[in-house]
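Colleague: File model_5.txt follows (compact mmCIF, C-alpha atoms and all ligand atoms):
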# COMPACT_ATOMS: atom_id res chain seq x y z
CA MET A 658 -70.22 59.78 -43.17
CA THR A 659 -71.76 62.48 -40.97
CA ASP A 660 -73.02 65.54 -42.80
CA HIS A 661 -71.38 68.63 -41.32
CA SER A 662 -72.53 71.01 -44.05
CA ASP A 663 -74.54 73.28 -41.71
CA ALA A 664 -71.59 73.66 -39.36
CA ILE A 665 -69.18 74.31 -42.23
CA SER A 666 -71.57 76.90 -43.72
CA ALA A 667 -71.80 78.74 -40.40
CA ASN A 668 -68.00 78.76 -40.11
CA LYS A 669 -67.68 80.01 -43.67
CA ALA A 670 -70.10 82.88 -42.96
CA ARG A 671 -68.01 83.82 -39.93
CA TRP A 672 -64.70 83.74 -41.79
CA ASP A 673 -66.14 85.61 -44.75
CA GLU A 674 -67.45 88.32 -42.44
CA VAL A 675 -64.20 88.86 -40.55
CA VAL A 676 -62.09 89.35 -43.69
CA ASP A 677 -63.04 93.05 -43.87
CA ILE A 678 -62.52 93.40 -40.13
CA HIS A 679 -59.03 91.89 -40.49
CA LEU A 680 -58.21 94.06 -43.49
CA GLY A 681 -59.13 97.05 -41.32
CA SER A 682 -57.04 95.87 -38.36
CA ASP A 683 -53.72 97.05 -39.82
CA GLY A 684 -51.95 99.11 -37.15
CA LEU A 685 -54.13 97.92 -34.23
CA GLU A 686 -52.34 96.36 -31.27
CA ASP A 687 -53.35 92.77 -32.11
CA GLY A 688 -54.17 93.49 -35.74
CA TYR A 689 -52.70 92.10 -38.92
CA ASP A 690 -49.56 93.99 -39.97
CA ILE A 691 -50.58 94.40 -43.60
CA THR A 692 -48.39 97.45 -44.23
CA GLY A 693 -45.37 95.60 -42.88
CA ALA A 694 -46.06 92.45 -44.89
CA LYS A 695 -46.51 94.47 -48.09
CA ALA A 696 -43.25 96.28 -47.45
CA GLY A 697 -41.52 92.96 -46.77
CA SER A 698 -40.45 94.27 -43.38
CA ASN A 699 -42.17 91.73 -41.19
CA ARG A 700 -42.00 88.02 -40.78
CA LEU A 701 -43.66 84.78 -39.78
CA THR A 702 -43.81 84.09 -36.04
CA VAL A 703 -40.61 83.30 -34.22
CA ILE A 704 -41.66 79.62 -34.02
CA GLU A 705 -42.00 79.28 -37.78
CA GLU A 706 -38.85 81.31 -38.39
CA THR A 707 -36.88 79.01 -36.13
CA GLU A 708 -38.28 75.75 -37.50
CA LEU A 709 -39.28 76.18 -41.12
CA GLY A 710 -35.92 76.61 -42.81
CA SER A 711 -35.49 78.06 -46.28
CA VAL A 712 -38.45 78.17 -48.64
CA ASP A 713 -36.45 79.87 -51.37
CA GLY A 714 -37.30 78.34 -54.74
CA LEU A 715 -39.82 75.91 -53.25
CA ASP A 716 -43.33 75.25 -54.55
CA VAL A 717 -45.44 76.03 -51.50
CA LEU A 718 -49.09 75.15 -50.89
CA HIS A 719 -50.61 77.23 -48.08
CA LEU A 720 -53.78 75.54 -46.83
CA GLN A 721 -56.40 77.74 -45.11
CA CYS A 722 -54.45 80.81 -46.19
CA HIS A 723 -57.06 83.36 -45.01
CA PHE A 724 -56.46 86.63 -46.92
CA GLY A 725 -52.94 85.63 -47.88
CA LEU A 726 -50.79 87.63 -45.47
CA ASP A 727 -48.60 84.71 -44.42
CA THR A 728 -48.70 83.54 -48.04
CA LEU A 729 -47.18 86.90 -48.97
CA ARG A 730 -44.53 86.42 -46.31
CA LEU A 731 -43.76 82.98 -47.77
CA ARG A 732 -43.56 84.55 -51.21
CA ARG A 733 -41.17 87.20 -49.90
CA MET A 734 -39.05 84.35 -48.53
CA GLY A 735 -38.72 83.08 -52.09
CA GLY A 736 -41.55 80.51 -52.32
CA ARG A 737 -43.71 79.99 -55.41
CA VAL A 738 -47.00 80.10 -53.58
CA THR A 739 -50.51 78.70 -53.96
CA GLY A 740 -53.10 79.44 -51.28
CA LEU A 741 -56.43 77.75 -50.63
CA ASP A 742 -59.29 78.95 -48.45
CA PHE A 743 -63.05 78.41 -48.46
CA SER A 744 -63.90 82.08 -47.92
CA PRO A 745 -64.58 83.90 -51.22
CA LYS A 746 -63.81 87.24 -49.56
CA ALA A 747 -60.52 85.95 -48.21
CA ILE A 748 -59.48 84.67 -51.64
CA ALA A 749 -60.49 87.94 -53.34
CA ALA A 750 -58.53 89.90 -50.71
CA ALA A 751 -55.50 87.61 -51.13
CA ARG A 752 -55.52 88.19 -54.89
CA SER A 753 -55.74 91.99 -54.36
CA LEU A 754 -52.96 91.88 -51.78
CA PHE A 755 -50.66 90.07 -54.20
CA ALA A 756 -51.60 92.39 -57.07
CA GLU A 757 -50.83 95.45 -54.93
CA ALA A 758 -47.56 93.93 -53.77
CA GLY A 759 -46.67 93.09 -57.37
CA GLU A 760 -46.02 89.46 -56.48
CA PRO A 761 -47.10 86.31 -58.32
CA GLY A 762 -49.31 83.87 -56.44
CA THR A 763 -52.18 81.51 -57.17
CA PHE A 764 -55.28 81.51 -54.98
CA VAL A 765 -58.00 78.90 -55.02
CA GLU A 766 -61.39 79.18 -53.33
CA GLY A 767 -62.80 75.99 -51.91
CA ASP A 768 -63.25 73.64 -49.01
CA LEU A 769 -60.10 71.97 -47.75
CA TYR A 770 -61.47 68.52 -48.48
CA ASP A 771 -62.18 69.50 -52.11
CA ALA A 772 -58.60 70.66 -52.69
CA PRO A 773 -57.49 67.62 -54.76
CA ARG A 774 -60.38 68.31 -57.15
CA LEU A 775 -59.72 72.07 -57.29
CA ILE A 776 -55.94 72.19 -57.53
CA ASP A 777 -54.27 70.26 -60.31
CA GLY A 778 -51.16 69.60 -58.28
CA ARG A 779 -50.87 66.00 -57.12
CA GLY A 780 -47.25 65.51 -56.04
CA ALA A 781 -46.39 69.06 -57.16
CA PHE A 782 -45.38 70.83 -53.94
CA ASP A 783 -42.14 70.85 -51.95
CA LEU A 784 -43.87 72.29 -48.90
CA VAL A 785 -47.42 72.16 -47.58
CA PHE A 786 -47.69 74.92 -45.01
CA VAL A 787 -50.45 74.97 -42.38
CA SER A 788 -50.39 77.42 -39.49
CA TRP A 789 -52.39 78.91 -36.63
CA GLY A 790 -56.13 78.32 -36.38
CA THR A 791 -56.61 75.53 -38.90
CA ILE A 792 -57.55 71.96 -37.94
CA CYS A 793 -60.03 73.07 -35.27
CA TRP A 794 -62.29 73.99 -38.24
CA LEU A 795 -61.97 70.54 -39.78
CA PRO A 796 -64.02 67.49 -38.78
CA ASP A 797 -61.56 64.88 -40.07
CA VAL A 798 -57.89 65.32 -39.21
CA ALA A 799 -56.90 62.06 -40.95
CA GLY A 800 -58.50 63.35 -44.17
CA TRP A 801 -56.62 66.63 -43.75
CA ALA A 802 -53.27 64.84 -43.52
CA ARG A 803 -54.08 62.71 -46.58
CA ILE A 804 -54.71 65.91 -48.51
CA ALA A 805 -51.35 67.34 -47.46
CA ALA A 806 -49.67 64.09 -48.54
CA HIS A 807 -51.55 64.09 -51.85
CA PHE A 808 -49.96 67.41 -52.84
CA LEU A 809 -46.39 66.71 -51.70
CA LYS A 810 -43.63 65.75 -54.09
CA PRO A 811 -41.58 62.73 -53.06
CA GLY A 812 -39.19 64.18 -50.48
CA GLY A 813 -41.53 67.15 -49.86
CA ARG A 814 -42.50 68.29 -46.39
CA LEU A 815 -45.58 69.16 -44.36
CA TYR A 816 -44.97 71.94 -41.85
CA PHE A 817 -47.76 72.43 -39.30
CA CYS A 818 -48.00 74.71 -36.28
CA ASP A 819 -51.16 75.43 -34.34
CA ALA A 820 -52.75 75.53 -30.90
CA HIS A 821 -51.84 72.70 -28.52
CA PRO A 822 -54.92 70.55 -27.87
CA ALA A 823 -54.20 70.57 -24.10
CA GLY A 824 -54.04 74.40 -24.04
CA LEU A 825 -57.33 74.52 -25.94
CA MET A 826 -59.14 72.80 -23.04
CA ILE A 827 -58.80 75.82 -20.73
CA ASP A 828 -61.86 77.94 -20.05
CA ASP A 829 -61.17 81.26 -21.74
CA ARG A 830 -64.23 82.83 -20.09
CA GLY A 831 -63.16 82.06 -16.51
CA ASP A 832 -62.49 84.51 -13.68
CA GLN A 833 -59.30 86.37 -14.60
CA ASP A 834 -57.95 86.82 -11.05
CA GLU A 835 -58.34 83.09 -10.44
CA MET A 836 -56.71 82.42 -13.80
CA ARG A 837 -53.71 84.58 -12.89
CA ARG A 838 -53.21 82.42 -9.79
CA GLY A 839 -53.15 79.35 -12.04
CA ARG A 840 -56.65 78.25 -11.00
CA VAL A 841 -57.97 77.56 -14.44
CA THR A 842 -60.98 75.44 -15.22
CA LEU A 843 -61.32 73.09 -18.14
CA ARG A 844 -64.20 73.87 -20.46
CA TYR A 845 -63.51 72.21 -23.79
CA PRO A 846 -62.97 68.49 -24.53
CA TYR A 847 -59.54 67.08 -25.29
CA PHE A 848 -60.69 64.04 -27.23
CA HIS A 849 -62.31 64.18 -30.63
CA GLU A 850 -66.07 63.91 -30.92
CA THR A 851 -67.92 63.54 -34.21
CA ALA A 852 -70.39 66.27 -33.32
CA PRO A 853 -68.70 69.68 -33.31
CA LEU A 854 -68.52 72.00 -30.35
CA GLU A 855 -71.02 74.77 -30.88
CA LEU A 856 -69.48 78.04 -29.77
CA ASP A 857 -70.69 81.58 -29.43
CA TRP A 858 -67.76 83.77 -30.42
CA PRO A 859 -68.77 87.45 -30.49
CA GLU A 860 -65.22 88.87 -30.32
CA ASP A 861 -62.70 89.22 -33.08
CA TYR A 862 -59.09 88.52 -32.10
CA ALA A 863 -57.58 91.18 -34.39
CA ASN A 864 -60.00 94.00 -33.58
CA PRO A 865 -61.69 93.77 -30.15
CA ASP A 866 -64.00 96.70 -31.01
CA ALA A 867 -65.47 95.03 -34.09
CA VAL A 868 -69.10 93.95 -33.99
CA VAL A 869 -69.40 90.48 -35.47
CA GLN A 870 -72.79 89.24 -36.71
CA ASN A 871 -71.96 85.59 -37.36
CA THR A 872 -71.10 84.61 -33.80
CA LYS A 873 -72.09 80.95 -33.97
CA THR A 874 -69.17 78.73 -34.96
CA PHE A 875 -68.45 75.00 -34.86
CA GLU A 876 -65.12 73.48 -33.98
CA TRP A 877 -63.61 70.03 -33.55
CA SER A 878 -60.99 68.93 -31.00
CA HIS A 879 -58.12 66.81 -32.22
CA PRO A 880 -55.88 65.25 -29.55
CA ILE A 881 -52.16 64.93 -30.15
CA SER A 882 -52.44 61.20 -30.86
CA ASP A 883 -55.01 61.85 -33.61
CA ILE A 884 -52.83 64.54 -35.21
CA LEU A 885 -49.70 62.38 -35.17
CA ASN A 886 -51.53 59.22 -36.28
CA ALA A 887 -53.16 61.20 -39.09
CA VAL A 888 -49.75 62.27 -40.39
CA ILE A 889 -48.30 58.77 -40.02
CA GLY A 890 -51.43 57.21 -41.56
CA ALA A 891 -51.08 59.50 -44.58
CA GLY A 892 -47.69 57.91 -45.24
CA LEU A 893 -45.57 60.83 -44.04
CA ALA A 894 -42.51 60.29 -41.87
CA LEU A 895 -42.44 62.51 -38.79
CA GLU A 896 -39.16 64.41 -38.53
CA TRP A 897 -39.88 66.12 -35.24
CA VAL A 898 -42.69 67.36 -32.99
CA HIS A 899 -42.29 70.42 -30.76
CA GLU A 900 -44.45 71.83 -27.96
CA HIS A 901 -44.28 75.51 -27.05
CA ASP A 902 -45.41 77.73 -24.18
CA ARG A 903 -46.41 80.46 -26.66
CA ILE A 904 -49.13 80.85 -29.25
CA ALA A 905 -49.87 83.27 -32.09
CA TRP A 906 -53.08 84.69 -30.62
CA LYS A 907 -54.41 85.71 -27.21
CA LEU A 908 -55.96 82.36 -26.30
CA LEU A 909 -56.67 83.49 -22.71
CA PRO A 910 -57.41 87.07 -21.62
CA ILE A 911 -54.53 87.08 -19.11
CA MET A 912 -51.92 86.42 -21.79
CA GLU A 913 -49.17 88.91 -22.53
CA LYS A 914 -47.13 89.60 -25.64
CA GLY A 915 -44.41 87.00 -25.83
CA GLY A 916 -41.96 88.01 -28.53
CA HIS A 917 -42.45 88.47 -32.22
CA ARG A 918 -46.19 87.88 -33.00
CA MET A 919 -46.58 85.58 -29.97
CA PHE A 920 -48.56 85.52 -26.71
CA ARG A 921 -47.66 83.75 -23.47
CA LEU A 922 -48.88 83.33 -19.91
CA PRO A 923 -47.51 85.87 -17.38
CA ASP A 924 -44.09 85.08 -15.84
CA ASP A 925 -45.62 84.47 -12.41
CA PHE A 926 -48.15 81.91 -13.71
CA PRO A 927 -47.44 78.89 -11.48
CA VAL A 928 -46.77 76.27 -14.19
CA ARG A 929 -45.68 76.18 -17.82
CA VAL A 930 -48.58 75.18 -20.03
CA PRO A 931 -48.25 73.78 -23.57
CA LEU A 932 -49.96 76.34 -25.79
CA SER A 933 -48.87 75.36 -29.27
CA LEU A 934 -47.59 72.40 -31.20
CA SER A 935 -45.54 72.14 -34.37
CA LEU A 936 -44.36 69.29 -36.52
CA SER A 937 -42.48 68.49 -39.67
CA ALA A 938 -43.22 65.36 -41.70
CA ARG A 939 -41.74 64.24 -44.99
CA LYS A 940 -43.00 62.19 -47.90
CA SER A 941 -40.60 59.44 -48.83
CA GLY A 942 -38.81 59.50 -52.14
C1 LIG A 1001 -57.38 81.47 -38.37
S1 LIG A 1001 -57.48 81.48 -40.10
C2 LIG A 1001 -55.94 80.84 -40.54
C3 LIG A 1001 -54.98 81.91 -40.54
C4 LIG A 1001 -53.88 81.67 -41.52
N1 LIG A 1001 -52.98 80.71 -40.99
C5 LIG A 1001 -53.21 82.93 -41.90
O1 LIG A 1001 -52.20 82.85 -42.58
O2 LIG A 1001 -53.69 84.04 -41.60
C6 LIG A 1001 -58.52 80.11 -40.48
C7 LIG A 1001 -58.78 80.04 -41.97
O3 LIG A 1001 -59.32 78.75 -42.26
C8 LIG A 1001 -60.29 78.90 -43.25
N2 LIG A 1001 -61.14 77.70 -43.21
C9 LIG A 1001 -61.89 77.25 -42.18
N3 LIG A 1001 -62.51 76.10 -42.50
C10 LIG A 1001 -62.13 75.81 -43.78
C11 LIG A 1001 -62.42 74.75 -44.67
N4 LIG A 1001 -63.25 73.76 -44.31
N5 LIG A 1001 -61.87 74.75 -45.90
C12 LIG A 1001 -61.04 75.77 -46.27
N6 LIG A 1001 -60.72 76.82 -45.48
C13 LIG A 1001 -61.25 76.83 -44.23
C14 LIG A 1001 -61.00 80.21 -42.92
O4 LIG A 1001 -61.67 80.79 -44.00
C15 LIG A 1001 -59.83 81.05 -42.42
O5 LIG A 1001 -59.33 81.85 -43.45
Would you encode the structure as structure tokens?

Modeller:
Amino acid sequence: MTDHSDAISANKARWDEVVDIHLGSDGLEDGYDITGAKAGSNRLTVIEETELGSVDGLDVLHLQCHFGLDTLRLRRMGGRVTGLDFSPKAIAAARSLFAEAGEPGTFVEGDLYDAPRLIDGRGAFDLVFVSWGTICWLPDVAGWARIAAHFLKPGGRLYFCDAHPAGLMIDDRGDQDEMRRGRVTLRYPYFHETAPLELDWPEDYANPDAVVQNTKTFEWSHPISDILNAVIGAGLALEWVHEHDRIAWKLLPIMEKGGHRMFRLPDDFPVRVPLSLSLSARKSG
């Protein structure tokens, strides 16, 4: 097996660093709405709200939970929540967030692939929840799906929504006037490669004025067939797969706000482009 530890360490340094930036982004235009989440007055994105269904009374495992803001939303929807993330700062912030909100929640620090060793919960969860900015940080999508399946109860469900691998091919650094005319260029690979893409990512999506030190990150592409085959190969039955022309972050600079916590291409963009993907898959039993 290829050793990706240097790439994972660089990613971890990046995610650790941006936790404070994200905690400070409350109230900014594209920032995290921490005040709203604490008050229970805001929600998951419109895609998740439409597709997820009730989580009331469910045991929910939130993989790659960042600093727990969506975990808090899931808690406020009635879930008994456990979150996992490899960033120590994110996990510390998630625990503080839940303490301040007066809500129960369990948070575990560790790499995604170590989750079965770190969380004593084989077959213990009704819902494994994975959303927005997740599998691109993972070298092995089949291993990711096996982990989701490991934690699901018989009859439990994996819900996943994230960037569409076709949308992720577009050059986000291209000329913006050309982009507006629909003349985009492709910069990133569609198909998976063992070696990660090495990226220089100086901006932060929640606070464009933030100065980030750990700009070097490593990501992996996962085509739709790999994602679906990973889920099927993990023994989960696909219930549905949806493609959307919206996404939860400003993937391209020409994007506009597109409804509750979403971004979309401008109305006069010449074609509709798939920007995100969601699926539901169930463990038999
Ligand atoms: C874009 S954020 C996900 C946002 C999240 N959906 C939310 O609720 O805010 C990506 C998260 O993945 C985590 N992450 C990246 N690689 C990881 C890994 N190998 N194991 C565990 N967590 C990882 C990062 O620390 C970060 O918190």

Colleague: Neighbourhood query: residues within 12 Å of (-53.3, 84.4, -59.3), file coordinates, counting only C-alpha atoms; return as a list in words.

Modeller: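 Neighbouring residues, ordered by chain and number, come to Gly725, Arg737, Val738, Thr739, Gly740, Leu741, Ile748, Ala749, Ala750, Ala751, Arg752, Ser753, Leu754, Phe755, Ala756, Gly759, Glu760, Pro761, Gly762, Thr763, Phe764, Val765 and Glu766 of chain A.
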
Colleague: Please measure the separation of atom C14 of ligand LIG 1001 (chain A) and atom CA of A:Glu674, giving the value in Å to one decimal.

Modeller: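 Result for atom C14 of ligand LIG 1001 (chain A) versus atom CA of A:Glu674: 10.4 Å, one decimal.
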
Colleague: Find the residue from A:Asn886, A:Thr851, A:Ser662, A:Thr728 that sits nearest to ligand LIG 1001 (chain A); use all atoms listed in the file when measuring.

Modeller: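 Closest residue, counting all atoms listed in the file: A:Thr728.
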
Colleague: At a cut-off of 6 Å and counting all atoms listed in the file, what residues surround ligand LIG 1001 (chain A)? Please answer as a list in words.

Modeller: Trp672, Gln721, Cys722, His723, Leu726, Asp727, Asp742, Phe743, Ser744, Gly767, Asp768, Leu769, Ser788, Trp789, Gly790, Thr791, Trp794 and Leu795 of chain A

Colleague: Pick from A:Asp797, A:Asn699, A:Phe808, A:Pro880: nearest to A:Pro853, with all atoms listed in the file counted?

Modeller: A:Asp797

Colleague: Using all atoms listed in the file, which residues sit within 8 Å of A:Tyr847 once same-chain residues fewer than 6 positions away are excluded, as a list in words?

Modeller: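 Near neighbours after the sequence-gap exclusion: Pro822, Ala823, Leu825, Met826, Ser878, His879 and Pro880 of chain A.
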
Colleague: Which polymer residues have any atom within 9 Å of an atom of stretch 855-866 of chain A, counting all atoms listed in the file, with same-chain residues fewer than 3 positions away left out, as a list of chain:residue names?

Modeller: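 So the residues in contact are A:Ala664, A:Val675, A:Ile678, A:His679, A:Gly681, A:Ser682, A:Asp683, A:Leu685, A:Glu686, A:Asp687, A:Gly688, A:Tyr689, A:Ala852, A:Val869, A:Gln870, A:Asn871, A:Thr872, A:Lys873, A:Thr874, A:Phe875, A:Glu876, A:Trp906, A:Lys907.
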
Colleague: With C-alpha atoms retained, could you export that selection as an mmCIF file, in the frame of the given file?

Modeller:
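Output file out_24.cif follows:
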data_model
loop_
_atom_site.group_PDB
_atom_site.id
_atom_site.type_symbol
_atom_site.label_atom_id
_atom_site.label_comp_id
_atom_site.auth_asym_id
_atom_site.auth_seq_id
_atom_site.Cartn_x
_atom_site.Cartn_y
_atom_site.Cartn_z
ATOM 1 C CA ALA A 664 -71.590 73.660 -39.360
ATOM 2 C CA VAL A 675 -64.200 88.860 -40.550
ATOM 3 C CA ILE A 678 -62.520 93.400 -40.130
ATOM 4 C CA HIS A 679 -59.030 91.890 -40.490
ATOM 5 C CA GLY A 681 -59.130 97.050 -41.320
ATOM 6 C CA SER A 682 -57.040 95.870 -38.360
ATOM 7 C CA ASP A 683 -53.720 97.050 -39.820
ATOM 8 C CA LEU A 685 -54.130 97.920 -34.230
ATOM 9 C CA GLU A 686 -52.340 96.360 -31.270
ATOM 10 C CA ASP A 687 -53.350 92.770 -32.110
ATOM 11 C CA GLY A 688 -54.170 93.490 -35.740
ATOM 12 C CA TYR A 689 -52.700 92.100 -38.920
ATOM 13 C CA ALA A 852 -70.390 66.270 -33.320
ATOM 14 C CA VAL A 869 -69.400 90.480 -35.470
ATOM 15 C CA GLN A 870 -72.790 89.240 -36.710
ATOM 16 C CA ASN A 871 -71.960 85.590 -37.360
ATOM 17 C CA THR A 872 -71.100 84.610 -33.800
ATOM 18 C CA LYS A 873 -72.090 80.950 -33.970
ATOM 19 C CA THR A 874 -69.170 78.730 -34.960
ATOM 20 C CA PHE A 875 -68.450 75.000 -34.860
ATOM 21 C CA GLU A 876 -65.120 73.480 -33.980
ATOM 22 C CA TRP A 906 -53.080 84.690 -30.620
ATOM 23 C CA LYS A 907 -54.410 85.710 -27.210
#

Colleague: Mind giving me the straight-line distance from atom CA of A:Val717 to atom CA of A:Pro931 in Å, one decimal?

Modeller: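 Taking atom CA of A:Val717 as the start and atom CA of A:Pro931 as the end point, the length is 28.2 Å.
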
Colleague: Give me stretch 881-938 of chain A from this structure - C-alpha atoms, as a compact mmCIF listing (two decimals), in the first residue's frame.

Modeller:
# COMPACT_ATOMS: atom_id res chain seq x y z
CA ILE A 881 -18.62 8.68 -9.99
CA SER A 882 -18.06 5.02 -10.87
CA ASP A 883 -15.49 4.68 -8.06
CA ILE A 884 -17.83 6.30 -5.54
CA LEU A 885 -20.79 4.12 -6.50
CA ASN A 886 -18.72 0.93 -6.76
CA ALA A 887 -17.19 1.70 -3.36
CA VAL A 888 -20.64 1.89 -1.79
CA ILE A 889 -21.84 -1.25 -3.58
CA GLY A 890 -18.58 -3.07 -2.77
CA ALA A 891 -19.04 -2.25 0.92
CA GLY A 892 -22.29 -4.22 0.82
CA LEU A 893 -24.64 -1.23 0.90
CA ALA A 894 -27.70 -1.06 -1.34
CA LEU A 895 -27.98 2.22 -3.24
CA GLU A 896 -31.39 3.81 -2.74
CA TRP A 897 -30.86 6.77 -5.03
CA VAL A 898 -28.18 9.02 -6.53
CA HIS A 899 -28.85 12.69 -7.31
CA GLU A 900 -26.85 15.28 -9.26
CA HIS A 901 -27.31 18.99 -8.58
CA ASP A 902 -26.40 22.27 -10.27
CA ARG A 903 -25.55 23.81 -6.88
CA ILE A 904 -22.82 23.30 -4.31
CA ALA A 905 -22.20 24.39 -0.72
CA TRP A 906 -19.13 26.51 -1.44
CA LYS A 907 -17.94 28.94 -4.11
CA LEU A 908 -16.18 26.39 -6.30
CA LEU A 909 -15.61 28.94 -9.09
CA PRO A 910 -15.16 32.69 -8.61
CA ILE A 911 -18.08 33.53 -10.93
CA MET A 912 -20.58 31.63 -8.79
CA GLU A 913 -23.49 33.38 -7.13
CA LYS A 914 -25.52 32.59 -4.04
CA GLY A 915 -28.03 29.95 -4.97
CA GLY A 916 -30.50 29.57 -2.13
CA HIS A 917 -29.98 28.51 1.43
CA ARG A 918 -26.20 27.93 1.95
CA MET A 919 -25.69 27.11 -1.75
CA PHE A 920 -23.77 28.55 -4.72
CA ARG A 921 -24.60 28.20 -8.42
CA LEU A 922 -23.42 29.37 -11.82
CA PRO A 923 -25.01 32.62 -13.10
CA ASP A 924 -28.39 32.28 -14.87
CA ASP A 925 -26.89 33.24 -18.23
CA PHE A 926 -24.15 30.56 -18.06
CA PRO A 927 -24.69 28.68 -21.34
CA VAL A 928 -25.11 25.14 -19.96
CA ARG A 929 -26.13 23.50 -16.70
CA VAL A 930 -23.12 21.89 -15.06
CA PRO A 931 -23.28 19.14 -12.40
CA LEU A 932 -21.73 20.68 -9.31
CA SER A 933 -22.68 18.28 -6.55
CA LEU A 934 -23.71 14.70 -6.03
CA SER A 935 -25.67 13.02 -3.27
CA LEU A 936 -26.60 9.45 -2.50
CA SER A 937 -28.36 7.30 0.01
CA ALA A 938 -27.35 3.68 0.59
